[in-house]
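S.K.: The following block contains the structure, expressed as structure tokens.
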Amino acid sequence: MREVVIDTETTGLNYKAGDRIIEMGCVELINHIPTGNNLQFYCSTKKKIDEGAAKVHGLTNNFLRNYPSFKKQSNEFLKFIGDDILIIHNADFDIGFINNELKLIGANPINNKIVDTLLLARKKLNTRVANLDYLCRKFSIDISARTTHGALLDCQLLAEVYIELIGGKQTALDFFEVDKNTTTTANKNPTNTKNIIKITISKEEIKSHKEFVKNLKNTFWKKLNY
């Protein structure tokens with residue numbers, strides 16, 4: 001099963017007022033395991049970044065000016081997500097911005113199935129406070145690198161949070177479903193002893209080794225009784 005964790009950084013909070021996407025991050029999961037196949041890109045825009053938004057993500061119009069527009073990178077993004085499930089924190093915000101960008105370039109909105117981890121966390125943990133920082137602390141996920149918000153880093157953190165919300169890292173072991181009518185003999189003969197070679201150490205070799213160790217400083221060999 002393929003899922004894609006998505007996050008955006010924007011010029012402000014309201015696409016209806018003209019705010020735009022300036023960074024996209026995507027992280028691929030296969031059977032809830034991050035594969036390392038990620039997508040991240042910045043977007044240039046004529047829309048001035050709000051002062052409040054700049055404090056959150058640290059991006060500036062001057063930094064973005066040499067990057068392509070969202071339009072020029074949209075095909076790569078759409079190809080990456082395909083028709084797979086999207087994992088998004090506060091999905092209404094990100095999907096609103098993404099579909100607005102697609103509308104501006106005459107493309108169809110995305111209709112992928114979406115898992116909103118904000119709603120999932122509130123339901124699972126019975127809490128109203130469910131921002132990413134809180135959830136990372138809740139699950140002892142290291143956020144020391146998150147000095148500012150970044151789309152790819154936030155996706156990677158959200159992937160860890162999502163795995164915990166759906167049952168923890170043991171869910172990543174469910175690589176496939178086994179037919180209940182099928183028997184397996186995998187554990188009937190767990191050890192193959194045909195190629196095991198036993199090595200015997202002589203008393204002379206042990207004595208020689210002990211003599212050698214005497215000349216070593218602070219070695220763990222001196223702590224062993226052998």
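Labeling convention for the structure tokens: chains A, B, ... as they appear, residues from 1 per chain, ligands from 1 in order of appearance.
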Run DSSP on the backbone and grab whatever in range 67-188 of chain A lands in strand (DSSP E or B); send it over as a PDB file with C-alpha atoms, in the first residue's frame.
M.R.:
```
ATOM      1  CA  ILE A  85      -3.737   8.092  -0.167  1.00  0.00           C
ATOM      2  CA  LEU A  86      -2.536  11.460   1.129  1.00  0.00           C
ATOM      3  CA  ILE A  87      -1.538  11.949   4.767  1.00  0.00           C
ATOM      4  CA  ILE A  88      -1.932  15.608   5.747  1.00  0.00           C
ATOM      5  CA  ILE A 114      -7.098  11.869   2.485  1.00  0.00           C
ATOM      6  CA  VAL A 115      -6.206  10.984   6.066  1.00  0.00           C
ATOM      7  CA  ASP A 116      -6.214  14.124   8.214  1.00  0.00           C
TER       8      ASP A 116
END
```
S.K.: Pick from A:Ala54, A:Met24, A:Ala17, A:Tyr42: nearest to Tyr67 in chain A, with only C-alpha atoms counted?
M.R.: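 Among A:Ala54, A:Met24, A:Ala17, A:Tyr42, it is A:Tyr42 that comes nearest to Tyr67 in chain A.
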S.K.: Excluding same-chain residues fewer than 5 positions from range 90-101 of chain A, what lies within 6 Å of it counting only C-alpha atoms, as a PyMOL selection string?
M.R.: chain A and resi 15+109+116+118
S.K.: Can you work out which one of A:Asp83, A:Glu3, A:Asp142, A:Glu164 has the shortest atom-to-atom distance to Val27 in chain A, counting only C-alpha atoms?
M.R.: A:Glu3
S.K.: Between CA of Ile81 in chain A and CA of Tyr134 in chain A, what is the distance in Å, rounded to a tenth?
M.R.: 27.2 Å
S.K.: Any idea what's packed within 9 Å of Glu160 in chain A, counting only C-alpha atoms, ignoring anything in its chain fewer than 6 positions away? Could you give it as a compact mmCIF listing (two decimals) with N, CA and C atoms, in the first residue's frame?
M.R.:
```txt
# COMPACT_ATOMS: atom_id res chain seq x y z
N PRO A 34 8.57 4.71 5.58
CA PRO A 34 9.18 5.71 4.69
C PRO A 34 10.23 5.04 3.80
N CYS A 136 4.73 15.31 18.38
CA CYS A 136 6.11 14.79 18.41
C CYS A 136 6.58 14.60 19.85
N PHE A 139 4.95 11.50 21.42
CA PHE A 139 5.49 10.21 20.98
C PHE A 139 7.02 10.16 21.04
N ILE A 141 9.34 11.95 19.67
CA ILE A 141 9.99 12.10 18.37
C ILE A 141 10.87 13.34 18.41
N GLY A 168 1.65 2.40 16.14
CA GLY A 168 3.05 2.28 16.47
C GLY A 168 3.83 1.57 15.38
N LYS A 169 5.15 1.46 15.59
CA LYS A 169 6.05 0.96 14.57
C LYS A 169 5.81 -0.50 14.21
```
